[in-house]
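Asks: Please read through the structure below; I'll follow up with questions.
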Amino acid sequence: MKDIRKLQLTDLEILKEVIKICDDNHLTYYVIGGTLLGAIRHKGFIPWDDDIDIAIKREDYEKFLEIAGPLLDKRLRIENYRTNKEFHYCITRIIDTTKEVIETRNPKEKSYVGIDIFPIDGTPNNSIKRTLYYSSIMFHRFLLSICYKKNIDKERKRSLLEKIIIFLVMKIPFEKILSATKEKEIIEKKLKSQKVEKSNHIGTIMGAYRTKEIVPKKYFGKGAFYYFEGIKVRGPEMFDQYLKHMYGDYMVIPKRKDQKTHYRIKF
């Protein structure tokens with residue numbers, strides 16, 4: 001628990017810097033996922049959680065990436081596939097380059113303490129078009145995961161079909177004919193094509209819960225403030241609806257076997 005707390009406190013310091021940049025430049029962020037759950041249920045981190053997730057609507061997300069570099073403390077660095085072609089995801093991570101960690105599902109890869117920033121994008125309002133849009137995004141996410149197949153989470157609960165597909169992917173060298181950079185560019189172009197202001201359903205489709213992270217726009221609203229580790233953070237206005245959608249009865253503490261961490265510290 002001491003190690004987790006060291007990680008959490010480093011995350012918190014990064015979060016404070018990101019919030020200051022957002023507030024100073026009128027950029028609207030939201031804490032989401034387990035970070036929002038922690039704020040509501042624990043007034044801070046979920047005790048076993050060792051990361052922070054925030055989301056920013058696409059227009060403000062792009063502005064944040066444009067201005068944040070010089071405004072961050074010199075120990076911090078912006079990481080995404082635009083700054084580092086080896087970065088695996090279509091999100092941004094703000095890392096502390098002085099705090100090295102081991103990622104539990106990929107222990108051979110060098111990593112640092114950091115917080116994740118997800119772009120909030122829109123979706124088509126027509127339900128059929130939205131379903132087709134989801135299928136397209138998920139297909140290219142699948143192709144991207146093939147490019148990094150060594151990082152596929154083997155402990156995640158999956159259907160029999162998913163297990164069969166992963167087995168075949170591991171056996172066949174698809175990554176030799178695919179370009180990870182190209183897939184990221186395709187995904188991001190598709191995401192940017194769906195404007196938040198024109199969409200009834202918005203969210204962070206590049207998160208771990210995929211399409212489940214798309215919710216009615218009113219859930220986010222203008223945001224509301226909640227206490228998290230002694231500071232006020234903005235989260236979705238309709239937090240109860242958001243958390244029930246994501247987790248069901250979110251006030252119930254998971255069993256110990258389901259209390260997963262992501263990192264082991266090296267500092």
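We label chains A, B, ... in the order they appear in the structure tokens, count residues from 1 in each chain, and number ligands from 1 in the order shown.
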Please return, as a PyMOL selection string, all residues of range 21-172 of chain A that DSSP assigns to helix (DSSP H, G or I) on the basis of the backbone.
Replies: chain A and resi 21-24+33-42+58-71+127-147+149-151+160-171
Asks: May I have the residues within 12 Å of Tyr250 in chain A as an MDAnalysis selection string, using only C-alpha atoms and disregarding those fewer than 2 positions away in the same chain?
Replies: chainID A and resid 33:34 36:42 46 239:248 252:254
Asks: Got a sec: who's within 12 Å of Asn126 in chain A, counting only C-alpha atoms, leaving out chain neighbours fewer than 5 positions off, as a compact mmCIF listing (two decimals) with C-alpha atoms, in the first residue's frame?
Replies:
```
# COMPACT_ATOMS: atom_id res chain seq x y z
CA THR A 131 -23.56 1.43 -34.94
CA LEU A 132 -21.62 1.47 -38.22
CA TYR A 133 -19.32 4.14 -36.80
CA LYS A 198 -23.57 18.36 -33.01
CA SER A 199 -23.81 15.02 -31.20
CA ASN A 200 -26.37 13.73 -28.72
CA HIS A 201 -24.02 11.00 -27.46
```
Asks: With distances taken over only C-alpha atoms, which of A:Leu160, A:Gly223, A:Asp23, A:Leu144 is nearest to Lys182 in chain A?
Replies: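 Of A:Leu160, A:Gly223, A:Asp23, A:Leu144, the one nearest Lys182 in chain A is A:Leu144, counting only C-alpha atoms.
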Asks: Give the answer as one residue: which of A:Lys257, A:Lys20, A:Lys222, A:Arg5 has the shortest atom-to-atom distance to Leu71 in chain A, using only C-alpha atoms?
Replies: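 Comparing A:Lys257, A:Lys20, A:Lys222, A:Arg5 against Leu71 in chain A, the winner is A:Lys20.
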Asks: Could you tell me how far CA of Ser145 in chain A sits from CA of Glu62 in chain A, in Å to one decimal place?
Replies: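 Result for CA of Glu62 in chain A versus CA of Ser145 in chain A: 24.2 Å, one decimal.
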Asks: Among the residues of range 28-137 of chain A, find those DSSP assigns to strand (DSSP E or B) from the backbone and print them as an MDAnalysis selection string.
Replies: chainID A and resid 29:31 53:57 76:79 92:103 110:122
Asks: One number please: CA of Ile21 in chain A to CA of Ala68 in chain A, in Å, one decimal.
Replies: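 If I compute the distance from CA of Ile21 in chain A to CA of Ala68 in chain A, I get 6.9 Å.
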Asks: Between CA of Ile202 in chain A and CA of Gly235 in chain A, what is the spacing in Å?
Replies: 14.6 Å
Asks: Tell me which protein, DNA and RNA residues are within 12 Å of Lys232 in chain A, counting only C-alpha atoms, leaving out same-chain ones fewer than 4 positions away, and put them as a list in words.
Replies: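 Result of the neighbour search: Leu12, Leu15, Lys16, Ile19, Lys20, Tyr30, Val31, Leu36, Ala39, Ile40, Lys43, Gly44, Gly223, Ala224, Phe225, Tyr226, Tyr227 and Phe228 of chain A.
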Asks: For range 212-216 of chain A, work out the shell of residues within 6 Å, counting only C-alpha atoms and skipping chain neighbours fewer than 2 positions away, then give it as JSON, numbers by chain.
Replies: {"A": [200, 201, 202, 203, 204, 205, 209, 210, 218, 219]}
Asks: Go ahead and dump the residues you just picked, N, CA and C atoms, as a PDB file, in the first residue's frame.
Replies:
```
ATOM      1  N   ASN A 200     -25.557  13.989 -29.908  1.00  0.00           N
ATOM      2  CA  ASN A 200     -26.367  13.726 -28.715  1.00  0.00           C
ATOM      3  C   ASN A 200     -25.673  12.772 -27.744  1.00  0.00           C
ATOM      4  N   HIS A 201     -24.775  11.944 -28.280  1.00  0.00           N
ATOM      5  CA  HIS A 201     -24.019  10.997 -27.465  1.00  0.00           C
ATOM      6  C   HIS A 201     -22.533  11.243 -27.684  1.00  0.00           C
ATOM      7  N   ILE A 202     -21.807  11.418 -26.598  1.00  0.00           N
ATOM      8  CA  ILE A 202     -20.388  11.734 -26.683  1.00  0.00           C
ATOM      9  C   ILE A 202     -19.633  10.872 -25.679  1.00  0.00           C
ATOM     10  N   GLY A 203     -18.309  10.877 -25.785  1.00  0.00           N
ATOM     11  CA  GLY A 203     -17.542  10.135 -24.797  1.00  0.00           C
ATOM     12  C   GLY A 203     -16.129   9.833 -25.248  1.00  0.00           C
ATOM     13  N   THR A 204     -15.509   8.928 -24.515  1.00  0.00           N
ATOM     14  CA  THR A 204     -14.094   8.589 -24.690  1.00  0.00           C
ATOM     15  C   THR A 204     -13.983   7.163 -25.222  1.00  0.00           C
ATOM     16  N   ILE A 205     -14.277   6.998 -26.477  1.00  0.00           N
ATOM     17  CA  ILE A 205     -14.344   5.674 -27.077  1.00  0.00           C
ATOM     18  C   ILE A 205     -12.985   4.972 -27.112  1.00  0.00           C
ATOM     19  N   TYR A 209     -13.089   0.760 -21.793  1.00  0.00           N
ATOM     20  CA  TYR A 209     -14.446   0.236 -21.907  1.00  0.00           C
ATOM     21  C   TYR A 209     -15.065   0.473 -23.289  1.00  0.00           C
ATOM     22  N   ARG A 210     -14.273   1.044 -24.185  1.00  0.00           N
ATOM     23  CA  ARG A 210     -14.659   1.201 -25.593  1.00  0.00           C
ATOM     24  C   ARG A 210     -15.990   1.940 -25.752  1.00  0.00           C
ATOM     25  N   LYS A 218     -25.790  15.005 -22.067  1.00  0.00           N
ATOM     26  CA  LYS A 218     -26.247  15.684 -20.850  1.00  0.00           C
ATOM     27  C   LYS A 218     -25.566  15.141 -19.595  1.00  0.00           C
ATOM     28  N   TYR A 219     -25.049  13.906 -19.639  1.00  0.00           N
ATOM     29  CA  TYR A 219     -24.346  13.370 -18.476  1.00  0.00           C
ATOM     30  C   TYR A 219     -23.146  14.241 -18.127  1.00  0.00           C
TER      31      TYR A 219
END
```
Asks: Kindly indicate which residue among A:Ala208, A:Ile32, A:Val113, A:Leu76 lies nearest to Val101 in chain A, using only C-alpha atoms for the distances.
Replies: A:Val113
Asks: Pick the closest to Phe87 in chain A from A:Leu7, A:Met238, A:Val233, A:Ala180: which is it, counting only C-alpha atoms?
Replies: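 With only C-alpha atoms as the atom set, the closest residue is A:Ala180.
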Asks: So which one's closest to Pro47 in chain A, A:Ile67, A:Ile4, A:Met138, A:Leu9? Using only C-alpha atoms, please.
Replies: A:Ile4
Asks: Nearest residue to Thr104 in chain A out of A:Gly230, A:Lys255, A:Ile120, A:Asp50, using only C-alpha atoms?
Replies: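 Of A:Gly230, A:Lys255, A:Ile120, A:Asp50, the one nearest Thr104 in chain A, counting only C-alpha atoms, is A:Asp50.
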